[in-house]
$ cat structure-v2.txt   # compact mmCIF, C-alpha atoms
# COMPACT_ATOMS: atom_id res chain seq x y z
CA MET K 13 0.00 0.00 0.00
CA THR K 14 1.31 3.47 -0.88
CA GLU K 15 2.69 5.34 2.12
CA SER K 16 0.62 8.52 2.02
CA GLY K 17 -1.15 8.83 5.36
CA ASN K 18 -4.48 10.60 5.37
CA GLY K 19 -3.50 14.20 4.59
CA PRO K 20 -5.18 16.22 1.83
CA LEU K 21 -2.54 15.10 -0.68
CA SER K 22 -3.04 11.40 0.05
CA GLY K 23 -2.58 9.48 -3.20
CA VAL K 24 -0.34 12.11 -4.82
CA ARG K 25 3.01 10.70 -5.87
CA VAL K 26 6.10 12.91 -5.90
CA VAL K 27 9.62 12.21 -7.18
CA GLU K 28 12.24 14.46 -5.57
CA LEU K 29 15.68 14.63 -7.13
CA ALA K 30 17.87 15.13 -4.08
CA GLY K 31 19.29 18.58 -3.46
CA ILE K 32 19.76 20.97 -0.56
CA GLY K 33 17.73 23.84 0.90
CA PRO K 34 14.45 24.93 -0.67
CA GLY K 35 13.79 21.86 -2.84
CA PRO K 36 13.85 19.34 0.02
CA PHE K 37 11.80 21.69 2.20
CA ALA K 38 9.13 21.99 -0.51
CA ALA K 39 9.04 18.21 -0.88
CA MET K 40 8.77 17.88 2.91
CA LEU K 41 5.77 20.18 2.89
CA LEU K 42 4.09 18.01 0.25
CA ALA K 43 4.95 14.90 2.27
CA ASP K 44 3.59 16.44 5.48
CA LEU K 45 0.28 16.97 3.66
CA GLY K 46 0.08 13.29 2.78
CA ALA K 47 1.89 12.96 -0.55
CA ASP K 48 4.00 9.86 -1.17
CA VAL K 49 7.41 11.45 -1.73
CA VAL K 50 10.24 9.32 -3.09
CA ARG K 51 13.59 11.07 -2.78
CA VAL K 52 16.14 10.01 -5.37
CA ASP K 53 19.43 10.28 -3.50
CA ARG K 54 22.79 10.27 -5.23
CA PRO K 55 25.74 8.09 -4.24
CA GLY K 56 27.96 10.08 -1.90
CA GLY K 57 25.21 12.20 -0.42
CA ALA K 58 23.72 15.58 -1.19
CA GLY K 59 23.75 17.49 2.05
CA LEU K 60 25.58 20.14 4.04
CA GLY K 61 27.31 17.84 6.47
CA VAL K 62 24.18 16.99 8.49
CA ASP K 63 23.68 13.36 9.49
CA PRO K 64 20.62 12.16 7.49
CA ALA K 65 19.07 10.90 10.74
CA TYR K 66 18.67 14.52 11.87
CA ASP K 67 17.61 16.11 8.57
CA ILE K 68 14.01 16.96 9.40
CA THR K 69 13.40 18.29 5.88
CA ASN K 70 13.50 14.64 4.77
CA ARG K 71 10.82 13.41 7.16
CA ASN K 72 7.76 11.61 5.76
CA LYS K 73 9.76 10.64 2.67
CA ARG K 74 11.25 7.43 1.37
CA SER K 75 14.60 7.18 -0.38
CA VAL K 76 16.11 5.23 -3.23
CA LEU K 77 19.78 5.52 -4.18
CA VAL K 78 20.33 6.13 -7.90
CA ASP K 79 23.35 7.25 -9.91
CA LEU K 80 21.88 9.67 -12.44
CA LYS K 81 25.17 9.77 -14.29
CA SER K 82 24.60 6.21 -15.48
CA PRO K 83 22.11 5.15 -18.20
CA ASP K 84 20.58 2.58 -15.84
CA GLY K 85 20.04 5.30 -13.24
CA VAL K 86 18.28 7.58 -15.70
CA ALA K 87 16.04 4.69 -16.81
CA ARG K 88 15.05 3.98 -13.20
CA VAL K 89 14.16 7.59 -12.54
CA LEU K 90 12.05 7.77 -15.71
CA ASP K 91 10.22 4.63 -14.60
CA LEU K 92 9.35 6.42 -11.36
CA VAL K 93 8.36 9.56 -13.28
CA GLU K 94 5.94 7.53 -15.39
CA ARG K 95 4.02 6.68 -12.21
CA ALA K 96 4.32 10.09 -10.51
CA ASP K 97 2.14 13.18 -10.38
CA VAL K 98 4.92 15.63 -9.52
CA LEU K 99 8.69 15.89 -9.91
CA VAL K 100 10.80 18.35 -7.91
CA GLU K 101 14.38 19.24 -8.88
CA GLY K 102 16.75 21.99 -7.82
CA TYR K 103 19.63 21.83 -10.26
CA ARG K 104 21.14 24.74 -12.15
CA PRO K 105 19.46 25.37 -15.52
CA GLY K 106 20.39 22.72 -18.08
CA VAL K 107 21.71 20.12 -15.63
CA ALA K 108 18.57 17.97 -15.57
CA GLU K 109 18.50 18.09 -19.38
CA ARG K 110 22.13 16.96 -19.59
CA LEU K 111 21.42 14.10 -17.21
CA GLY K 112 18.47 12.97 -19.32
CA VAL K 113 15.70 13.75 -16.83
CA GLY K 114 14.68 17.20 -18.06
CA PRO K 115 11.10 18.28 -18.80
CA GLU K 116 11.13 16.98 -22.37
CA GLU K 117 12.09 13.43 -21.38
CA CYS K 118 9.85 13.34 -18.33
CA LEU K 119 6.74 14.79 -19.98
CA ALA K 120 7.20 12.39 -22.90
CA ARG K 121 6.90 9.53 -20.41
CA ASN K 122 4.11 11.16 -18.41
CA PRO K 123 2.15 13.96 -20.20
CA ARG K 124 0.27 14.91 -17.02
CA LEU K 125 3.39 15.30 -14.90
CA VAL K 126 3.92 18.56 -13.00
CA TYR K 127 7.64 19.30 -13.32
CA GLY K 128 8.69 21.62 -10.49
CA ARG K 129 11.98 23.49 -10.89
CA MET K 130 13.54 25.19 -7.87
CA THR K 131 16.35 27.65 -8.60
CA GLY K 132 17.69 30.85 -7.13
CA TRP K 133 18.00 33.00 -10.25
CA GLY K 134 15.43 31.24 -12.46
CA GLN K 135 15.75 29.36 -15.74
CA GLN K 136 16.61 32.48 -17.79
CA GLY K 137 18.47 35.75 -17.24
CA PRO K 138 22.08 36.97 -17.02
CA LEU K 139 22.66 35.26 -13.65
CA ALA K 140 20.82 32.00 -14.42
CA ASP K 141 23.97 29.93 -14.86
CA THR K 142 25.89 31.32 -11.89
CA ALA K 143 26.11 29.93 -8.37
CA GLY K 144 24.18 31.62 -5.60
CA HIS K 145 22.65 31.36 -2.16
CA ASP K 146 19.79 32.88 -0.19
CA ILE K 147 21.69 36.00 0.86
CA GLY K 148 22.38 37.03 -2.74
CA TYR K 149 18.83 36.37 -3.91
CA ILE K 150 17.25 38.51 -1.21
CA ALA K 151 19.95 41.17 -1.70
CA ILE K 152 19.09 42.00 -5.30
CA THR K 153 15.31 41.96 -4.69
CA GLY K 154 15.53 44.72 -2.08
CA ALA K 155 14.33 42.46 0.74
CA LEU K 156 17.68 42.25 2.56
CA GLY K 157 18.17 46.00 2.36
CA MET K 158 15.00 46.54 4.38
CA ILE K 159 16.13 44.50 7.38
CA GLY K 160 18.30 45.89 10.17
CA ARG K 161 19.11 49.06 12.04
CA PRO K 162 19.60 52.30 10.10
CA ASP K 163 23.06 52.80 11.59
CA GLY K 164 24.34 49.31 10.79
CA PRO K 165 24.57 46.77 7.98
CA PRO K 166 21.54 44.77 6.81
CA ALA K 167 20.62 41.97 9.21
CA ILE K 168 20.66 38.42 7.81
CA PRO K 169 17.37 36.56 8.54
CA ALA K 170 19.01 33.10 8.33
CA ASN K 171 17.79 31.62 5.03
CA LEU K 172 14.10 31.92 5.84
CA VAL K 173 13.12 34.83 3.58
CA GLY K 174 14.71 33.62 0.34
CA ASP K 175 15.12 29.85 0.34
CA TYR K 176 11.94 28.98 2.17
CA ALA K 177 9.47 31.87 1.92
CA GLY K 178 10.43 33.10 -1.54
CA GLY K 179 11.46 29.67 -2.81
CA SER K 180 9.89 26.57 -1.25
CA LEU K 181 6.47 28.03 -0.56
CA TYR K 182 6.14 29.47 -4.06
CA LEU K 183 7.21 26.15 -5.57
CA VAL K 184 4.54 24.34 -3.56
CA ILE K 185 1.87 26.88 -4.56
CA GLY K 186 2.86 26.50 -8.21
CA VAL K 187 2.96 22.71 -8.07
CA LEU K 188 -0.46 22.47 -6.45
CA ALA K 189 -2.00 24.91 -8.93
CA ALA K 190 -0.48 23.02 -11.87
CA LEU K 191 -1.59 19.70 -10.37
CA GLN K 192 -5.16 20.95 -10.15
CA HIS K 193 -5.02 21.95 -13.82
CA ALA K 194 -3.44 18.64 -14.87
CA ARG K 195 -6.31 16.76 -13.26
CA THR K 196 -9.03 18.58 -15.20
CA GLU K 197 -10.58 16.95 -18.26
CA GLU K 198 -8.47 18.94 -20.72
CA GLY K 199 -5.53 19.36 -18.40
CA ARG K 200 -1.92 18.57 -19.20
CA GLY K 201 1.32 18.56 -17.30
CA GLN K 202 3.61 21.56 -17.34
CA VAL K 203 6.81 23.03 -15.97
CA VAL K 204 6.72 25.23 -12.85
CA ASP K 205 9.68 27.63 -12.81
CA ALA K 206 10.01 28.70 -9.17
CA ALA K 207 12.87 31.20 -8.83
CA ILE K 208 13.74 32.49 -5.37
CA VAL K 209 14.29 35.99 -6.76
CA ASP K 210 10.75 35.98 -8.20
CA GLY K 211 9.12 34.72 -5.02
CA THR K 212 11.06 37.05 -2.75
CA ALA K 213 10.22 40.05 -4.93
CA HIS K 214 6.57 38.99 -4.82
CA LEU K 215 6.70 39.00 -1.02
CA THR K 216 7.50 42.73 -1.08
CA ALA K 217 4.29 43.64 -2.95
CA MET K 218 2.68 45.54 -0.06
CA ILE K 219 5.88 47.46 0.65
CA HIS K 220 6.14 48.55 -2.99
CA GLY K 221 2.57 49.83 -2.75
CA MET K 222 3.38 51.80 0.37
CA LEU K 223 6.54 53.14 -1.29
CA ALA K 224 4.55 54.36 -4.30
CA ALA K 225 1.99 55.98 -2.03
CA GLY K 226 4.65 57.82 -0.03
CA GLY K 227 4.04 55.74 3.07
CA TRP K 228 7.41 54.00 3.05
CA GLN K 229 10.92 55.44 2.96
CA ASP K 230 13.42 53.50 0.87
CA ARG K 231 15.86 53.04 3.73
CA ARG K 232 15.79 50.53 6.57
CA GLY K 233 14.94 51.29 10.15
CA SER K 234 12.87 54.32 9.22
CA ASN K 235 9.37 52.93 8.77
CA LEU K 236 6.41 51.57 10.64
CA LEU K 237 7.22 47.87 10.17
CA ASP K 238 11.02 47.76 9.98
CA GLY K 239 11.94 48.89 13.48
CA GLY K 240 11.77 52.59 12.72
CA ALA K 241 8.74 53.08 14.95
CA PRO K 242 9.59 52.85 18.68
CA PHE K 243 6.38 50.91 19.28
CA TYR K 244 7.33 48.18 16.77
CA GLY K 245 10.68 46.68 17.62
CA THR K 246 12.74 44.80 20.19
CA TYR K 247 14.09 45.92 23.55
CA GLU K 248 16.72 44.47 25.88
CA THR K 249 15.73 43.45 29.39
CA ALA K 250 17.71 43.54 32.65
CA ASP K 251 18.98 39.98 32.19
CA GLY K 252 20.13 40.41 28.59
CA GLY K 253 16.95 38.97 27.11
CA HIS K 254 14.67 40.78 24.70
CA MET K 255 11.00 41.66 24.35
CA ALA K 256 9.25 42.15 21.01
CA VAL K 257 6.79 45.05 20.83
CA GLY K 258 4.15 45.35 18.11
CA ALA K 259 1.75 47.91 19.57
CA LEU K 260 0.73 49.46 16.24
CA GLU K 261 -2.91 50.36 16.85
CA LYS K 262 -3.57 53.24 19.23
CA ARG K 263 -5.64 51.24 21.70
CA PHE K 264 -3.00 48.52 21.88
CA TYR K 265 -0.33 51.17 22.27
CA ALA K 266 -2.25 52.74 25.14
CA GLU K 267 -2.35 49.38 26.90
CA PHE K 268 1.35 48.89 26.24
CA ILE K 269 2.33 52.25 27.73
CA ARG K 270 0.08 51.67 30.74
CA LEU K 271 1.54 48.27 31.57
CA LEU K 272 5.05 49.52 30.90
CA GLY K 273 4.42 52.09 33.58
CA LEU K 274 5.27 55.22 31.59
CA GLY K 275 1.89 56.97 31.53
CA GLN K 276 2.18 60.67 30.61
CA GLU K 277 5.96 60.67 30.86
CA VAL K 278 6.53 60.04 27.15
CA PRO K 279 6.02 62.26 24.08
CA ASP K 280 3.11 61.83 21.68
CA ARG K 281 3.72 58.88 19.39
CA GLU K 282 2.37 60.87 16.44
CA ASP K 283 5.31 63.26 16.75
CA LEU K 284 7.84 61.57 14.46
CA ALA K 285 10.52 64.05 15.52
CA ALA K 286 10.20 62.71 19.07
CA TRP K 287 10.49 59.03 18.15
CA GLY K 288 14.09 58.97 19.33
CA GLU K 289 13.10 60.30 22.74
CA LEU K 290 10.21 57.84 22.95
CA ARG K 291 12.45 54.90 22.06
CA THR K 292 14.99 55.93 24.71
CA ALA K 293 12.29 56.07 27.40
CA ILE K 294 10.86 52.67 26.44
CA ALA K 295 14.32 51.10 26.32
CA ALA K 296 15.23 52.46 29.75
CA ARG K 297 12.04 51.07 31.23
CA PHE K 298 12.53 47.60 29.77
CA ARG K 299 16.02 47.45 31.27
CA THR K 300 14.57 47.65 34.78
CA ARG K 301 13.18 44.07 34.77
CA THR K 302 14.07 40.66 33.44
CA ARG K 303 12.49 39.07 30.40
CA GLU K 304 10.52 36.68 32.62
CA GLU K 305 9.21 39.56 34.74
CA TRP K 306 8.09 41.55 31.70
CA THR K 307 6.47 38.46 30.21
CA ALA K 308 4.38 38.16 33.35
CA VAL K 309 3.45 41.86 33.20
CA PHE K 310 2.11 41.64 29.65
CA GLU K 311 0.63 38.16 29.87
CA GLY K 312 -3.01 38.03 28.75
CA SER K 313 -3.06 41.68 27.65
CA ASP K 314 -3.68 43.30 24.26
CA ALA K 315 -0.42 45.24 24.44
CA CYS K 316 1.05 43.06 21.67
CA VAL K 317 4.26 42.27 23.53
CA ALA K 318 6.02 38.89 23.49
CA PRO K 319 9.32 37.49 24.77
CA VAL K 320 11.97 36.79 22.14
CA LEU K 321 12.66 33.07 22.57
CA SER K 322 15.47 30.90 21.29
CA LEU K 323 14.90 27.84 19.10
CA ARG K 324 15.25 25.56 22.12
CA GLU K 325 12.91 27.67 24.24
CA ALA K 326 10.13 28.04 21.66
CA PRO K 327 8.59 24.54 21.99
CA ARG K 328 8.05 25.15 25.71
CA HIS K 329 6.03 28.35 25.28
CA PRO K 330 2.59 27.70 26.84
CA HIS K 331 0.64 28.74 23.74
CA LEU K 332 2.73 26.68 21.33
CA ALA K 333 2.67 23.72 23.72
CA ALA K 334 -1.13 23.91 23.99
CA ARG K 335 -1.52 23.97 20.20
CA GLY K 336 1.06 21.28 19.59
CA THR K 337 3.00 23.59 17.28
CA PHE K 338 6.07 21.47 17.96
CA LEU K 339 6.17 17.72 18.45
CA GLU K 340 8.55 14.89 19.27
CA HIS K 341 9.03 12.15 16.69
CA SER K 342 11.81 9.59 16.47
CA GLY K 343 13.66 11.41 19.23
CA LEU K 344 13.65 14.75 17.41
CA THR K 345 11.89 17.94 18.49
CA GLN K 346 10.47 19.49 15.34
CA PRO K 347 7.75 21.80 14.02
CA ALA K 348 4.44 20.05 13.41
CA PRO K 349 2.97 20.01 9.89
CA ALA K 350 1.23 23.25 8.89
CA PRO K 351 -1.34 24.43 8.03
CA ARG K 352 -4.03 22.37 9.74
CA PHE K 353 -7.00 20.65 8.15
CA SER K 354 -10.26 19.71 9.86
CA ARG K 355 -10.96 16.58 7.80
CA THR K 356 -7.62 15.52 6.35
CA PRO K 357 -4.90 16.44 8.86
CA GLY K 358 -1.27 16.06 7.94
CA ALA K 359 1.04 14.16 10.26
CA VAL K 360 4.64 13.18 10.86
CA ARG K 361 4.53 9.52 9.84
CA ARG K 362 8.15 8.67 9.19
CA PRO K 363 11.55 9.81 10.47
CA PRO K 364 14.04 11.47 8.09
CA ALA K 365 14.69 9.21 5.12
CA ARG K 366 18.07 7.45 5.03
CA PRO K 367 19.61 7.41 1.55
CA GLY K 368 18.65 4.19 -0.23
CA ALA K 369 16.99 2.60 2.80
CA ASP K 370 13.55 2.21 1.21
CA THR K 371 14.46 0.79 -2.20
CA ALA K 372 12.63 -2.53 -1.86
CA GLU K 373 9.54 -0.92 -0.42
CA ILE K 374 9.39 1.70 -3.19
CA ALA K 375 9.98 -0.91 -5.89
CA ARG K 376 6.99 -2.85 -4.57
CA ASP K 377 4.61 0.07 -3.99
CA TRP K 378 5.37 1.91 -7.23
CA GLN K 379 5.78 -1.33 -9.21
CA VAL K 380 9.23 -0.38 -10.49
CA ALA K 381 11.09 -3.68 -10.34
CA GLY K 382 14.12 -2.14 -12.05
CA LEU K 383 15.01 -0.37 -8.80
CA LEU K 384 16.10 -3.75 -7.42
CA ALA K 385 18.43 -4.56 -10.30
CA PRO K 386 22.15 -4.28 -9.51
CA SER K 387 23.81 -1.12 -10.76
CA PRO K 388 27.13 -1.14 -12.63
CA ALA K 389 28.76 0.20 -9.46
CA ASP K 390 27.28 -2.65 -7.40
CA PRO K 391 27.54 -5.90 -9.39
CA SER K 392 26.77 -7.94 -6.28
CA GLY K 393 23.24 -6.60 -6.20
CA ALA K 394 23.50 -5.91 -2.50
CA ALA K 395 21.08 -3.35 -1.16
CA PRO K 396 22.76 0.01 -0.50
CA ALA K 397 23.49 0.65 3.15
CA PRO K 398 21.96 3.76 4.75
CA ALA K 399 24.49 6.57 4.71
CA GLY K 400 25.89 7.51 8.07
CA GLY K 401 26.64 11.10 7.13
CA ALA K 402 25.77 13.66 4.51
CA GLY K 403 27.89 14.48 1.49
CA ARG K 404 30.09 17.47 0.93
CA ALA K 405 28.52 20.80 0.05
CA ALA K 406 30.80 20.92 -2.99
CA GLU K 407 28.88 18.01 -4.46
CA GLN K 408 25.85 20.33 -4.62
CA LYS K 409 27.38 22.83 -6.99
CA ASP K 410 24.42 22.33 -9.33
CA ALA K 411 21.80 23.00 -6.65
CA ALA K 412 19.62 26.09 -6.32
CA GLY K 413 20.21 27.23 -2.75
$ encode --input "structure-v2.txt" --output "structure tokens"
Amino acid sequence: MTESGNGPLSGVRVVELAGIGPGPFAAMLLADLGADVVRVDRPGGAGLGVDPAYDITNRNKRSVLVDLKSPDGVARVLDLVERADVLVEGYRPGVAERLGVGPEECLARNPRLVYGRMTGWGQQGPLADTAGHDIGYIAITGALGMIGRPDGPPAIPANLVGDYAGGSLYLVIGVLAALQHARTEEGRGQVVDAAIVDGTAHLTAMIHGMLAAGGWQDRRGSNLLDGGAPFYGTYETADGGHMAVGALEKRFYAEFIRLLGLGQEVPDREDLAAWGELRTAIAARFRTRTREEWTAVFEGSDACVAPVLSLREAPRHPHLAARGTFLEHSGLTQPAPAPRFSRTPGAVRRPPARPGADTAEIARDWQVAGLLAPSPADPSGAAPAPAGGAGRAAEQKDAAG
């Protein structure tokens, strides 16, 4: 029986050509929602030095080990493609074509296939063939330049804005939209070109509107939502912790000032020239108590204030614990599948896939007996052993992120 759980994508089959960053995350999202995701891992690994047992982005998937640089390997992947609904790859433009698993070959085998391509720069353009990473993609779209203090360099938001928000999520949206079309009476498969630069630029739509309307200054740390406003930012506490303040609306701001204990001692928030003075007063007040003490002060209020937690602290927050936002599975603390569905909930069903560990199971479920045939590199026909560690980052020179 196909491993697909009971999520809304139950019955959808996905082939993921192993990569790093946004492609695996997008495939994880599809797997979390119930899709049967088969990850085609390459000999030698495809990671960033993370033990596969801890790579949460490969949860809910199964893995087969295939050498795409061999004719037999290409044939095995095309056999999987013939039975799939979706393929996800994150190579540089032209690499999949050179390997023999590009859109032309795959759609010839399966005309209703949705071929999802995850790249940083996109399939065309002056930078399409160059290497890149999240920081460069968000830099040229203007997103990175918006983040940080006005008197310092741009702040790097890990790789969340580009790789995952501008990349993975847009790939998933595109794949699902194309899948819906492919399943209509006249529908056909197609290629989804998900470029991180396109998705990240799209994320800035509201800001561009505000900029055109004169409601946003084209410099960081000077606006309502980028830390420029003293009532929307972070403040250090007495113990070196931080509190996040988002008291935008006047009534929430009034509650914030009251609980902070400043009352009439601060200037009018509408006086932009006095924002510096207001920020200084708020900062001084926050430094009088610890993060835990301020959390207790604002608890249950509409002041829109929250403690800034670390990754290890977040799962223990009472609200997140009550909702089950994080869970434990296979000894790993990890975010639960999102979003939530009332009738077809997603779930964490399997631990991170080990390269090649599921070959026999996949061959049976997908009816691809060729997966069990010995490869030229393994004349004994022995099943590949699960890899104990990930491959070198240099082996991913053709990947998107």
$ residues_around --input "structure-v2.txt" --residues "K:Asn18" --least-positions-apart "5" --cutoff "10 Å" --atoms "only C-alpha atoms" --output "list in words"
Gly23, Asp44, Leu45, Gly46, Ala47, Arg355, Thr356, Pro357, Gly358 and Ala359 of chain K
$ atom_distance --input "structure-v2.txt" --atom1 "atom CA of K:Tyr149" --atom2 "atom CA of K:Asp175"
8.6 Å
$ atom_distance --input "structure-v2.txt" --atom1 "atom CA of K:Lys262" --atom2 "atom CA of K:Arg281"
9.2 Å
$ atom_distance --input "structure-v2.txt" --atom1 "atom CA of K:Phe37" --atom2 "atom CA of K:Ser180"
6.3 Å
$ closest_atom_pairs --input "structure-v2.txt" --of "stretch 307-334 of chain K" --to "stretch 220-244 of chain K" --cutoff "12 Å" --atoms "all atoms listed in the file" --output "Markdown table"
| residue | atom | partner | partner_atom | distance |
| --- | --- | --- | --- | --- |
| K:Ala315 | CA | K:Phe243 | CA | 10.2 |
| K:Cys316 | CA | K:Tyr244 | CA | 9.5 |
| K:Val317 | CA | K:Tyr244 | CA | 9.5 |
| K:Ala318 | CA | K:Tyr244 | CA | 11.5 |
$ residues_around --input "structure-v2.txt" --residues "K:Asp97" --least-positions-apart "3" --cutoff "8 Å" --atoms "all atoms listed in the file" --output "PyMOL selection string"
chain K and resi 24-26+93+124-126+191
$ write_last_selection --input "structure-v2.txt" --atoms "C-alpha atoms" --output "CSV table (one decimal), in the frame of the given file"
chain,number,residue,atom,x,y,z
K,24,VAL,CA,-0.3,12.1,-4.8
K,25,ARG,CA,3.0,10.7,-5.9
K,26,VAL,CA,6.1,12.9,-5.9
K,93,VAL,CA,8.4,9.6,-13.3
K,124,ARG,CA,0.3,14.9,-17.0
K,125,LEU,CA,3.4,15.3,-14.9
K,126,VAL,CA,3.9,18.6,-13.0
K,191,LEU,CA,-1.6,19.7,-10.4
$ closest_atom_pairs --input "structure-v2.txt" --of "stretch 157-204 of chain K" --to "stretch 113-117 of chain K" --cutoff "10 Å" --atoms "all atoms listed in the file" --output "tab-separated table"
residue	atom	partner	partner_atom	distance
K:Gly201	CA	K:Pro115	CA	9.9
K:Gln202	CA	K:Pro115	CA	8.3
K:Val203	CA	K:Pro115	CA	7.0
$ closest_residue --input "structure-v2.txt" --among "K:Ala375, K:Ala295, K:Met255, K:Val107" --to "K:Val309" --atoms "only C-alpha atoms"
K:Met255
$ residues_near_point --input "structure-v2.txt" --point "(15.5, 6.4, 4.3)" --cutoff "12 Å" --atoms "only C-alpha atoms" --output "MDAnalysis selection string"
chainID K and resid 49:53 63:68 70:77 362:374 396:400
$ write_last_selection --input "structure-v2.txt" --atoms "C-alpha atoms" --output "PDB file, in the frame of the given file"
ATOM      1  CA  VAL K  49       7.410  11.450  -1.730  1.00  0.00           C
ATOM      2  CA  VAL K  50      10.240   9.320  -3.090  1.00  0.00           C
ATOM      3  CA  ARG K  51      13.590  11.070  -2.780  1.00  0.00           C
ATOM      4  CA  VAL K  52      16.140  10.010  -5.370  1.00  0.00           C
ATOM      5  CA  ASP K  53      19.430  10.280  -3.500  1.00  0.00           C
ATOM      6  CA  ASP K  63      23.680  13.360   9.490  1.00  0.00           C
ATOM      7  CA  PRO K  64      20.620  12.160   7.490  1.00  0.00           C
ATOM      8  CA  ALA K  65      19.070  10.900  10.740  1.00  0.00           C
ATOM      9  CA  TYR K  66      18.670  14.520  11.870  1.00  0.00           C
ATOM     10  CA  ASP K  67      17.610  16.110   8.570  1.00  0.00           C
ATOM     11  CA  ILE K  68      14.010  16.960   9.400  1.00  0.00           C
ATOM     12  CA  ASN K  70      13.500  14.640   4.770  1.00  0.00           C
ATOM     13  CA  ARG K  71      10.820  13.410   7.160  1.00  0.00           C
ATOM     14  CA  ASN K  72       7.760  11.610   5.760  1.00  0.00           C
ATOM     15  CA  LYS K  73       9.760  10.640   2.670  1.00  0.00           C
ATOM     16  CA  ARG K  74      11.250   7.430   1.370  1.00  0.00           C
ATOM     17  CA  SER K  75      14.600   7.180  -0.380  1.00  0.00           C
ATOM     18  CA  VAL K  76      16.110   5.230  -3.230  1.00  0.00           C
ATOM     19  CA  LEU K  77      19.780   5.520  -4.180  1.00  0.00           C
ATOM     20  CA  ARG K 362       8.150   8.670   9.190  1.00  0.00           C
ATOM     21  CA  PRO K 363      11.550   9.810  10.470  1.00  0.00           C
ATOM     22  CA  PRO K 364      14.040  11.470   8.090  1.00  0.00           C
ATOM     23  CA  ALA K 365      14.690   9.210   5.120  1.00  0.00           C
ATOM     24  CA  ARG K 366      18.070   7.450   5.030  1.00  0.00           C
ATOM     25  CA  PRO K 367      19.610   7.410   1.550  1.00  0.00           C
ATOM     26  CA  GLY K 368      18.650   4.190  -0.230  1.00  0.00           C
ATOM     27  CA  ALA K 369      16.990   2.600   2.800  1.00  0.00           C
ATOM     28  CA  ASP K 370      13.550   2.210   1.210  1.00  0.00           C
ATOM     29  CA  THR K 371      14.460   0.790  -2.200  1.00  0.00           C
ATOM     30  CA  ALA K 372      12.630  -2.530  -1.860  1.00  0.00           C
ATOM     31  CA  GLU K 373       9.540  -0.920  -0.420  1.00  0.00           C
ATOM     32  CA  ILE K 374       9.390   1.700  -3.190  1.00  0.00           C
ATOM     33  CA  PRO K 396      22.760   0.010  -0.500  1.00  0.00           C
ATOM     34  CA  ALA K 397      23.490   0.650   3.150  1.00  0.00           C
ATOM     35  CA  PRO K 398      21.960   3.760   4.750  1.00  0.00           C
ATOM     36  CA  ALA K 399      24.490   6.570   4.710  1.00  0.00           C
ATOM     37  CA  GLY K 400      25.890   7.510   8.070  1.00  0.00           C
TER      38      GLY K 400
END
$ closest_residue --input "structure-v2.txt" --among "K:Arg200, K:Leu284, K:Val360, K:Arg104" --to "K:Ala143" --atoms "only C-alpha atoms"
K:Arg104
$ closest_residue --input "structure-v2.txt" --among "K:Leu188, K:Ala333, K:Ala155, K:Leu290" --to "K:Ile219" --atoms "only C-alpha atoms"
K:Ala155
